[in-house]
Amino acid sequence: MNEHKFTNRLASETSPYLLQHKHNPVDWYPWGDEALAKARQEAKPIFLSVGYSACHWCHVMAHESFENEETARIMNEKFINIKVDREERSDVDAVYMKSVIALTGQGGWPMSVFLTPDCKPFFGGTYFPPEVKHNRPGFPQVLEQAHSLFVSGKDDLEMRIQNILEKLHTEESGSGAGEITAYAMIDEAVRVLEERFDAEEGGFGAGMKFPEPMYHTLLLRHWVRTGADESMRMLDKSLTKMAEGGLYDHLGGGFHRYSTDRFWRVPHFEKMLYDNALLARLYIDMAQATKQELYSTVPRGIFDFILREMTSPEGAFYAGQGADTEGEEGCFYLWEMKEFLDLLGPRHAKVMARHFGVTSAGNLRRKNVLHLNESMDSVAESEQIAIFEVDHIFRTAKETLLEAREKRGRPLTDTKIITGWNGLMITAFASGYMVLHGKNYLSAATHAAEFLWANMWADSGCLLRIHKEGESKINGCLEDYAYFLEGLITLYEASLDRVWIERANQIADKMVDEFYDEESAGFFMTGRSAEVLVARLKNAADEAIPSANAIATLSLLKLGQFTGNKQYIATAEKSVQAFRQNIEENPVAYSGLLAAADFMESSVTEAVFVGSREHPAFEDMQGALHQDYRPNKIVLWNENEESSILLPLAEGKSSVDGNPAVYLCERETCHPPIQTGKALANLLLPPPQIRLNIFDYDKQIKDAGKEEQDKFLGVMDQIFKHSGLK
């Protein structure tokens, strides 16, 4: 007997997000021919609802409105209702998100947009409450208003549609006349970031904070070129605060989506694969730049989390984890003081509570989001405990807390595999192997890449986007090609296995064929063989993830350097020039393309390895090459004659007296072969000297806020006294 009163067409889907709505009273359709044909046949408007499984407010709206039978009755009577997982259909999401922004000035998820039967948008927004609240109309009223506009507002309807379509079809790339001056545009972008920078808490802006890895990567490129103290200060302050705060999961590793406050203290608790891939890579880059332990520790924590909780049995990576458990956001991650006392005992609880900022009052619903409130050194000094004992307390207590947390109801893991996001994590793991030297990181990157190649690179020679429950489906978007291409190139540099360059060539050729705009340059989001939507966008600006145009362009530039394919380089250069006007108008929004322009304008460091990889000197020289941050370099290995054909830079370079060596070209100067890591390190141009006393991130607090800290500790002592801890 079916215990559910309603079951709709979404029951046959594989998307976790769509399956969450299969028992709604709403007569949902997935996006496809059946729904669109029915809308045309019945001359009904379409209600399109777009979200994703880890989206907290998507769940809220579903519970308030889509599970409400009276609301569902209006929806079913007056609309053809279509539910879309934005992670599956990023093309549909992008087009209609741009429509909503054109209508309302802002976007987000859940996205609620109303379309004509021929899919033209005319009305919409994001989250709507079930009744009028917070200056938002109630969803039933929105439904009535949208239907009325469709049925009786013909003139207004046509005008609205025309205005939206004009904005959708605004040319995103031009003739490419003129030259991008990358350094000048990067300098301007950095100037804007300095104005937006929160000098006290890091990050940009004064409200809720997003990690913004693209901004920080651009700052790193600026620092390595100019040695600017301010760029490094912004980087160190922001990344330290992010790693200290509740944005980072101090027990299980990995970053949450964003901070709801200025102080990085209380996050929005979903964990996304793409965030953690981009942040792992960023912290690894900072480990190279600064040699500071934190920047190695954080990515190791991310990788531990990914391997433990986000990796499929076949070695691919899952899409994300939700924010909600037990009907509330973040319950899985919150702690009460009493739990610390019960689990750890009075003495250890006091140490860990001081370290993690746990109080009886809490900082979210009278519970605590763990954050680094006080360093272990400071706790050891205040409590008069030897530092080695505090370290032991920390390690054992962390294991106890994590074990206890694992017994709680867990957030939902979205187990679908997305090609593009896997490409980002392949890049991160491969980078981790080169810099952090974890052999399991190379293994993880290799297994994921092999899975994608076997399951997502279809027999027809096109890349698919989604894999779930043994089925691969949906034609890949530009981001799938671009991010996977970047992953393959990085995996080659880590493994020096030329199969990855051979495969990268195939992906690159198909990407150019499917997505490149021969008329105006740049890449479209959707391929020539994909479903035709009301607009074909390029979306060259960065969003939550880097612009696919930027990653495609930078990857082609690097691949062209590897293979000597001048057409790749020409295509990439034209693509950067195509967005020149957009970049000049708002350089910060195009930090990804500016990174590609920086690569174009810089002298590329070329390192060609020769000789046996088994020789100890080979690994020694690899370590020397990767110890410093050098974003504009390529690394290859002249393994044999076939390598020279595939990689022309390797031609004519051979081992010296049978021993491995490196042929280095830097700043248009090629050097004789080098045979030791020390000699290579001495020859490479040194990175800028860091003139800041970085990582003294408590100095201002200690100097200017000592009174406040003493007051806090006094309150803590009273809490512990009344808890029997003193």
# chains A, B, ... in the order shown; residues from 1 in each chain; ligands from 1

$ residues_around --residues "A:Val608" --least-positions-apart "5" --cutoff "12 Å" --atoms "only C-alpha atoms" --output "VMD selection string"
chain A and resid 493 496 562 618 621 to 622 625 633 to 639 643 to 644 647 to 655 660 to 666 670 to 675 680

$ select_by_dssp --residues "stretch 299-401 of chain A" --states "alpha helix (DSSP H)" --output "number ranges by chain"
A: 299-309, 337-344, 346-356, 376-383, 387-401

$ closest_residue --among "A:Lys468, A:Val534, A:Gly301, A:Val192" --to "A:Glu166" --atoms "only C-alpha atoms"
A:Val534

$ residues_around --residues "stretch 9-13 of chain A" --least-positions-apart "6" --cutoff "12 Å" --atoms "only C-alpha atoms" --output "JSON list (two decimals) with all heavy atoms, in the first residue's frame"
[["chain", "number", "residue", "atom", "x", "y", "z"],
["A", 19, "LEU", "N", 13.70, 14.28, -6.75],
["A", 19, "LEU", "CA", 13.06, 13.22, -5.97],
["A", 19, "LEU", "C", 12.51, 13.73, -4.64],
["A", 19, "LEU", "O", 11.57, 13.16, -4.09],
["A", 19, "LEU", "CB", 14.05, 12.08, -5.73],
["A", 19, "LEU", "CG", 14.41, 11.26, -6.98],
["A", 19, "LEU", "CD1", 15.55, 10.29, -6.68],
["A", 19, "LEU", "CD2", 13.19, 10.50, -7.49],
["A", 20, "GLN", "N", 13.09, 14.81, -4.12],
["A", 20, "GLN", "CA", 12.57, 15.40, -2.89],
["A", 20, "GLN", "C", 11.15, 15.93, -3.08],
["A", 20, "GLN", "O", 10.44, 16.16, -2.10],
["A", 20, "GLN", "CB", 13.49, 16.53, -2.43],
["A", 20, "GLN", "CG", 14.82, 16.05, -1.87],
["A", 20, "GLN", "CD", 15.82, 17.19, -1.68],
["A", 20, "GLN", "OE1", 15.53, 18.35, -2.01],
["A", 20, "GLN", "NE2", 17.00, 16.88, -1.18],
["A", 21, "HIS", "N", 10.73, 16.13, -4.32],
["A", 21, "HIS", "CA", 9.41, 16.72, -4.62],
["A", 21, "HIS", "C", 8.45, 15.72, -5.26],
["A", 21, "HIS", "O", 7.38, 16.11, -5.74],
["A", 21, "HIS", "CB", 9.58, 17.93, -5.54],
["A", 21, "HIS", "CG", 10.39, 19.03, -4.92],
["A", 21, "HIS", "ND1", 11.77, 19.01, -4.89],
["A", 21, "HIS", "CD2", 10.02, 20.19, -4.29],
["A", 21, "HIS", "CE1", 12.21, 20.10, -4.28],
["A", 21, "HIS", "NE2", 11.18, 20.82, -3.91],
["A", 22, "LYS", "N", 8.80, 14.45, -5.26],
["A", 22, "LYS", "CA", 7.99, 13.46, -5.98],
["A", 22, "LYS", "C", 6.64, 13.21, -5.32],
["A", 22, "LYS", "O", 5.71, 12.73, -5.98],
["A", 22, "LYS", "CB", 8.75, 12.15, -6.13],
["A", 22, "LYS", "CG", 9.03, 11.41, -4.83],
["A", 22, "LYS", "CD", 9.84, 10.13, -5.09],
["A", 22, "LYS", "CE", 10.13, 9.41, -3.78],
["A", 22, "LYS", "NZ", 10.94, 8.19, -4.01],
["A", 23, "HIS", "N", 6.52, 13.54, -4.03],
["A", 23, "HIS", "CA", 5.24, 13.33, -3.34],
["A", 23, "HIS", "C", 4.52, 14.64, -3.04],
["A", 23, "HIS", "O", 3.59, 14.67, -2.22],
["A", 23, "HIS", "CB", 5.45, 12.53, -2.05],
["A", 23, "HIS", "CG", 5.93, 11.13, -2.29],
["A", 23, "HIS", "ND1", 5.27, 10.25, -3.11],
["A", 23, "HIS", "CD2", 7.05, 10.48, -1.84],
["A", 23, "HIS", "CE1", 5.93, 9.10, -3.14],
["A", 23, "HIS", "NE2", 7.01, 9.22, -2.39],
["A", 24, "ASN", "N", 4.93, 15.73, -3.68],
["A", 24, "ASN", "CA", 4.17, 16.98, -3.59],
["A", 24, "ASN", "C", 2.80, 16.80, -4.25],
["A", 24, "ASN", "O", 2.68, 16.06, -5.25],
["A", 24, "ASN", "CB", 4.89, 18.11, -4.31],
["A", 24, "ASN", "CG", 6.18, 18.56, -3.66],
["A", 24, "ASN", "OD1", 6.93, 19.32, -4.26],
["A", 24, "ASN", "ND2", 6.47, 18.11, -2.44],
["A", 25, "PRO", "N", 1.80, 17.51, -3.79],
["A", 25, "PRO", "CA", 0.51, 17.52, -4.51],
["A", 25, "PRO", "C", 0.59, 18.29, -5.84],
["A", 25, "PRO", "O", -0.34, 18.21, -6.66],
["A", 25, "PRO", "CB", -0.44, 18.20, -3.53],
["A", 25, "PRO", "CG", 0.43, 18.99, -2.62],
["A", 25, "PRO", "CD", 1.71, 18.23, -2.51],
["A", 26, "VAL", "N", 1.66, 19.02, -6.06],
["A", 26, "VAL", "CA", 1.86, 19.72, -7.33],
["A", 26, "VAL", "C", 2.09, 18.69, -8.43],
["A", 26, "VAL", "O", 2.85, 17.73, -8.26],
["A", 26, "VAL", "CB", 3.06, 20.67, -7.24],
["A", 26, "VAL", "CG1", 3.28, 21.39, -8.57],
["A", 26, "VAL", "CG2", 2.87, 21.69, -6.12],
["A", 27, "ASP", "N", 1.46, 18.91, -9.57],
["A", 27, "ASP", "CA", 1.61, 18.01, -10.73],
["A", 27, "ASP", "C", 2.89, 18.38, -11.48],
["A", 27, "ASP", "O", 2.86, 18.91, -12.59],
["A", 27, "ASP", "CB", 0.38, 18.15, -11.63],
["A", 27, "ASP", "CG", 0.39, 17.13, -12.77],
["A", 27, "ASP", "OD1", 1.18, 16.16, -12.69],
["A", 27, "ASP", "OD2", -0.37, 17.32, -13.74],
["A", 28, "TRP", "N", 4.03, 18.09, -10.85],
["A", 28, "TRP", "CA", 5.32, 18.49, -11.43],
["A", 28, "TRP", "C", 5.67, 17.68, -12.67],
["A", 28, "TRP", "O", 5.43, 16.48, -12.73],
["A", 28, "TRP", "CB", 6.45, 18.29, -10.42],
["A", 28, "TRP", "CG", 6.50, 19.22, -9.25],
["A", 28, "TRP", "CD1", 6.38, 18.86, -7.93],
["A", 28, "TRP", "CD2", 6.73, 20.63, -9.26],
["A", 28, "TRP", "NE1", 6.51, 19.97, -7.13],
["A", 28, "TRP", "CE2", 6.73, 21.07, -7.92],
["A", 28, "TRP", "CE3", 6.92, 21.57, -10.28],
["A", 28, "TRP", "CZ2", 6.92, 22.40, -7.57],
["A", 28, "TRP", "CZ3", 7.11, 22.89, -9.93],
["A", 28, "TRP", "CH2", 7.11, 23.31, -8.59],
["A", 29, "TYR", "N", 6.31, 18.36, -13.60],
["A", 29, "TYR", "CA", 6.98, 17.73, -14.73],
["A", 29, "TYR", "C", 8.47, 18.02, -14.62],
["A", 29, "TYR", "O", 8.85, 19.10, -14.17],
["A", 29, "TYR", "CB", 6.51, 18.32, -16.07],
["A", 29, "TYR", "CG", 5.13, 17.97, -16.52],
["A", 29, "TYR", "CD1", 4.02, 18.63, -15.99],
["A", 29, "TYR", "CD2", 4.92, 17.00, -17.50],
["A", 29, "TYR", "CE1", 2.74, 18.34, -16.43],
["A", 29, "TYR", "CE2", 3.64, 16.69, -17.95],
["A", 29, "TYR", "CZ", 2.56, 17.36, -17.41],
["A", 29, "TYR", "OH", 1.29, 17.06, -17.85],
["A", 30, "PRO", "N", 9.34, 17.10, -15.06],
["A", 30, "PRO", "CA", 10.73, 17.49, -15.29],
["A", 30, "PRO", "C", 10.81, 18.32, -16.57],
["A", 30, "PRO", "O", 9.90, 18.25, -17.41],
["A", 30, "PRO", "CB", 11.45, 16.15, -15.45],
["A", 30, "PRO", "CG", 10.40, 15.23, -15.98],
["A", 30, "PRO", "CD", 9.09, 15.69, -15.39],
["A", 31, "TRP", "N", 11.87, 19.09, -16.73],
["A", 31, "TRP", "CA", 12.06, 19.84, -17.97],
["A", 31, "TRP", "C", 12.19, 18.86, -19.13],
["A", 31, "TRP", "O", 12.99, 17.92, -19.07],
["A", 31, "TRP", "CB", 13.31, 20.71, -17.88],
["A", 31, "TRP", "CG", 13.56, 21.53, -19.11],
["A", 31, "TRP", "CD1", 14.22, 21.13, -20.24],
["A", 31, "TRP", "CD2", 13.13, 22.87, -19.35],
["A", 31, "TRP", "NE1", 14.24, 22.15, -21.16],
["A", 31, "TRP", "CE2", 13.57, 23.23, -20.65],
["A", 31, "TRP", "CE3", 12.43, 23.81, -18.60],
["A", 31, "TRP", "CZ2", 13.34, 24.48, -21.20],
["A", 31, "TRP", "CZ3", 12.19, 25.05, -19.16],
["A", 31, "TRP", "CH2", 12.64, 25.39, -20.44],
["A", 32, "GLY", "N", 11.41, 19.07, -20.17],
["A", 32, "GLY", "CA", 11.50, 18.17, -21.32],
["A", 32, "GLY", "C", 10.36, 18.37, -22.28],
["A", 32, "GLY", "O", 9.47, 19.21, -22.09],
["A", 34, "GLU", "N", 7.73, 16.60, -23.02],
["A", 34, "GLU", "CA", 6.36, 16.33, -22.58],
["A", 34, "GLU", "C", 5.73, 17.56, -21.95],
["A", 34, "GLU", "O", 4.60, 17.95, -22.30],
["A", 34, "GLU", "CB", 6.35, 15.16, -21.59],
["A", 34, "GLU", "CG", 4.93, 14.81, -21.11],
["A", 34, "GLU", "CD", 4.91, 13.74, -20.04],
["A", 34, "GLU", "OE1", 5.99, 13.33, -19.57],
["A", 34, "GLU", "OE2", 3.79, 13.32, -19.65],
["A", 35, "ALA", "N", 6.44, 18.19, -21.06],
["A", 35, "ALA", "CA", 5.90, 19.37, -20.37],
["A", 35, "ALA", "C", 5.70, 20.53, -21.33],
["A", 35, "ALA", "O", 4.66, 21.21, -21.31],
["A", 35, "ALA", "CB", 6.84, 19.77, -19.24],
["A", 81, "ASN", "N", 3.55, 22.96, -14.46],
["A", 81, "ASN", "CA", 4.57, 23.17, -13.44],
["A", 81, "ASN", "C", 5.80, 22.31, -13.72],
["A", 81, "ASN", "O", 5.69, 21.07, -13.82],
["A", 81, "ASN", "CB", 4.00, 22.85, -12.06],
["A", 81, "ASN", "CG", 2.79, 23.70, -11.74],
["A", 81, "ASN", "OD1", 2.92, 24.90, -11.49],
["A", 81, "ASN", "ND2", 1.61, 23.10, -11.77],
["A", 82, "ILE", "N", 6.94, 22.96, -13.84],
["A", 82, "ILE", "CA", 8.19, 22.26, -14.18],
["A", 82, "ILE", "C", 9.21, 22.50, -13.08],
["A", 82, "ILE", "O", 9.44, 23.64, -12.66],
["A", 82, "ILE", "CB", 8.75, 22.75, -15.53],
["A", 82, "ILE", "CG1", 7.75, 22.48, -16.66],
["A", 82, "ILE", "CG2", 10.09, 22.09, -15.83],
["A", 82, "ILE", "CD1", 8.21, 22.99, -18.02],
["A", 83, "LYS", "N", 9.80, 21.42, -12.63],
["A", 83, "LYS", "CA", 10.84, 21.49, -11.60],
["A", 83, "LYS", "C", 12.19, 21.12, -12.22],
["A", 83, "LYS", "O", 12.32, 20.12, -12.91],
["A", 83, "LYS", "CB", 10.50, 20.53, -10.46],
["A", 83, "LYS", "CG", 11.53, 20.41, -9.36],
["A", 83, "LYS", "CD", 11.69, 21.69, -8.57],
["A", 83, "LYS", "CE", 10.55, 21.97, -7.63],
["A", 83, "LYS", "NZ", 10.84, 23.16, -6.76],
["A", 84, "VAL", "N", 13.21, 21.96, -11.96],
["A", 84, "VAL", "CA", 14.54, 21.78, -12.54],
["A", 84, "VAL", "C", 15.60, 21.77, -11.44],
["A", 84, "VAL", "O", 15.57, 22.63, -10.55],
["A", 84, "VAL", "CB", 14.86, 22.89, -13.58],
["A", 84, "VAL", "CG1", 16.34, 22.92, -13.92],
["A", 84, "VAL", "CG2", 14.05, 22.67, -14.85],
["A", 85, "ASP", "N", 16.50, 20.81, -11.53],
["A", 85, "ASP", "CA", 17.70, 20.78, -10.69],
["A", 85, "ASP", "C", 18.76, 21.62, -11.40],
["A", 85, "ASP", "O", 19.24, 21.26, -12.47],
["A", 85, "ASP", "CB", 18.18, 19.34, -10.52],
["A", 85, "ASP", "CG", 19.41, 19.21, -9.64],
["A", 85, "ASP", "OD1", 20.10, 20.22, -9.41],
["A", 85, "ASP", "OD2", 19.70, 18.08, -9.20],
["A", 88, "GLU", "N", 21.88, 19.91, -12.59],
["A", 88, "GLU", "CA", 21.78, 19.10, -13.80],
["A", 88, "GLU", "C", 21.68, 19.97, -15.04],
["A", 88, "GLU", "O", 22.37, 19.75, -16.03],
["A", 88, "GLU", "CB", 20.54, 18.18, -13.72],
["A", 88, "GLU", "CG", 20.70, 16.98, -12.84],
["A", 88, "GLU", "CD", 19.62, 15.94, -13.08],
["A", 88, "GLU", "OE1", 18.59, 16.26, -13.71],
["A", 88, "GLU", "OE2", 19.81, 14.80, -12.65],
["A", 416, "LYS", "N", 24.92, 12.58, -6.86],
["A", 416, "LYS", "CA", 25.13, 12.65, -8.30],
["A", 416, "LYS", "C", 26.55, 13.15, -8.59],
["A", 416, "LYS", "O", 27.14, 13.88, -7.79],
["A", 416, "LYS", "CB", 24.08, 13.50, -8.99],
["A", 416, "LYS", "CG", 24.12, 14.97, -8.75],
["A", 416, "LYS", "CD", 23.08, 15.67, -9.63],
["A", 416, "LYS", "CE", 22.98, 17.15, -9.36],
["A", 416, "LYS", "NZ", 22.38, 17.46, -8.06],
["A", 468, "LYS", "N", 24.42, 9.26, -12.38],
["A", 468, "LYS", "CA", 23.67, 8.89, -11.17],
["A", 468, "LYS", "C", 23.09, 7.51, -11.36],
["A", 468, "LYS", "O", 22.50, 7.20, -12.40],
["A", 468, "LYS", "CB", 22.54, 9.92, -10.92],
["A", 468, "LYS", "CG", 21.78, 9.71, -9.61],
["A", 468, "LYS", "CD", 22.59, 10.19, -8.42],
["A", 468, "LYS", "CE", 21.75, 10.27, -7.15],
["A", 468, "LYS", "NZ", 21.19, 9.00, -6.69],
["A", 469, "GLU", "N", 23.30, 6.68, -10.36],
["A", 469, "GLU", "CA", 22.74, 5.33, -10.35],
["A", 469, "GLU", "C", 23.09, 4.56, -11.62],
["A", 469, "GLU", "O", 22.24, 3.92, -12.24],
["A", 469, "GLU", "CB", 21.22, 5.39, -10.15],
["A", 469, "GLU", "CG", 20.85, 5.98, -8.80],
["A", 469, "GLU", "CD", 19.34, 6.09, -8.59],
["A", 469, "GLU", "OE1", 18.59, 5.71, -9.53],
["A", 469, "GLU", "OE2", 18.94, 6.56, -7.52],
["A", 471, "GLU", "N", 23.85, 5.59, -14.55],
["A", 471, "GLU", "CA", 23.46, 6.19, -15.83],
["A", 471, "GLU", "C", 24.14, 7.53, -16.03],
["A", 471, "GLU", "O", 24.15, 8.38, -15.14],
["A", 471, "GLU", "CB", 21.93, 6.39, -15.86],
["A", 471, "GLU", "CG", 21.43, 7.05, -17.12],
["A", 471, "GLU", "CD", 19.96, 7.43, -17.06],
["A", 471, "GLU", "OE1", 19.31, 7.17, -16.02],
["A", 471, "GLU", "OE2", 19.46, 8.02, -18.05],
["A", 473, "LYS", "N", 24.12, 10.99, -18.38],
["A", 473, "LYS", "CA", 23.12, 11.66, -19.21],
["A", 473, "LYS", "C", 23.40, 13.15, -19.28],
["A", 473, "LYS", "O", 24.25, 13.68, -18.56],
["A", 473, "LYS", "CB", 21.72, 11.41, -18.65],
["A", 473, "LYS", "CG", 21.52, 11.95, -17.24],
["A", 473, "LYS", "CD", 20.12, 11.65, -16.73],
["A", 473, "LYS", "CE", 19.90, 12.27, -15.35],
["A", 473, "LYS", "NZ", 18.53, 12.03, -14.84]]

$ closest_residue --among "A:Ser49, A:Asn368, A:Gln577, A:Ser378" --to "A:Lys338" --atoms "only C-alpha atoms"
A:Asn368

$ residues_around --residues "A:Thr170" --least-positions-apart "5" --cutoff "12 Å" --atoms "only C-alpha atoms" --output "list in words"
Lys98, Ala102, Asn163, Ile164, Leu165, Ala535, Arg536, Leu537, Lys538, Asn539 and Asn582 of chain A

$ write_last_selection --atoms "C-alpha atoms" --output "mmCIF file, in the first residue's frame"
data_model
loop_
_atom_site.group_PDB
_atom_site.id
_atom_site.type_symbol
_atom_site.label_atom_id
_atom_site.label_comp_id
_atom_site.auth_asym_id
_atom_site.auth_seq_id
_atom_site.Cartn_x
_atom_site.Cartn_y
_atom_site.Cartn_z
ATOM 1 C CA LYS A 98 19.408 36.199 -16.080
ATOM 2 C CA ALA A 102 16.427 41.539 -15.505
ATOM 3 C CA ASN A 163 12.389 43.923 -22.633
ATOM 4 C CA ILE A 164 13.626 40.726 -21.006
ATOM 5 C CA LEU A 165 14.631 39.124 -24.308
ATOM 6 C CA ALA A 535 18.907 32.603 -25.526
ATOM 7 C CA ARG A 536 22.444 31.295 -25.951
ATOM 8 C CA LEU A 537 24.641 32.890 -23.305
ATOM 9 C CA LYS A 538 28.376 33.198 -22.765
ATOM 10 C CA ASN A 539 28.435 34.336 -19.118
ATOM 11 C CA ASN A 582 33.333 44.142 -20.384
#

$ closest_residue --among "A:Lys209, A:His147, A:Arg265, A:His626" --to "A:Gly432" --atoms "only C-alpha atoms"
A:His626

$ residues_around --residues "A:Gly409" --least-positions-apart "4" --cutoff "9 Å" --atoms "only C-alpha atoms" --output "VMD selection string"
chain A and resid 325 to 326 331 to 332 405

$ atom_distance --atom1 "atom CA of A:Trp457" --atom2 "atom CA of A:Val512"
15.7 Å

$ closest_residue --among "A:Glu200, A:Glu543, A:Asp497, A:Asp156" --to "A:Leu442" --atoms "only C-alpha atoms"
A:Asp497

$ residues_around --residues "A:Arg86" --least-positions-apart "2" --cutoff "8 Å" --atoms "only C-alpha atoms" --output "PyMOL selection string"
chain A and resi 50-52+84+88-90+92-93

$ write_last_selection --atoms "C-alpha atoms" --output "mmCIF file, in the first residue's frame"
data_model
loop_
_atom_site.group_PDB
_atom_site.id
_atom_site.type_symbol
_atom_site.label_atom_id
_atom_site.label_comp_id
_atom_site.auth_asym_id
_atom_site.auth_seq_id
_atom_site.Cartn_x
_atom_site.Cartn_y
_atom_site.Cartn_z
ATOM 1 C CA VAL A 50 14.674 25.850 -10.085
ATOM 2 C CA GLY A 51 16.751 24.824 -7.076
ATOM 3 C CA TYR A 52 19.176 22.214 -5.811
ATOM 4 C CA VAL A 84 14.542 21.776 -12.539
ATOM 5 C CA GLU A 88 21.781 19.097 -13.802
ATOM 6 C CA ARG A 89 20.542 21.796 -16.164
ATOM 7 C CA SER A 90 22.902 24.700 -15.582
ATOM 8 C CA VAL A 92 18.298 26.315 -18.210
ATOM 9 C CA ASP A 93 19.185 27.827 -14.853
#

$ atom_distance --atom1 "atom CA of A:Ser375" --atom2 "atom CA of A:Ser259"
21.5 Å

$ closest_residue --among "A:Tyr183, A:Trp335, A:Tyr590, A:Tyr283" --to "A:Trp223" --atoms "only C-alpha atoms"
A:Tyr183

$ closest_residue --among "A:Ala589, A:Trp453, A:Ile545, A:Val390" --to "A:Leu193" --atoms "only C-alpha atoms"
A:Ala589

$ residues_around --residues "A:Ser238" --least-positions-apart "6" --cutoff "12 Å" --atoms "only C-alpha atoms" --output "number ranges by chain"
A: 197-205, 209-213, 215-216, 219, 231-232, 244-245, 247, 262-264, 282-283, 286, 694-695, 697

$ select_by_dssp --residues "stretch 152-269 of chain A" --states "strand (DSSP E)" --output "NGL selection string"
:A and (258-259 or 267-268)
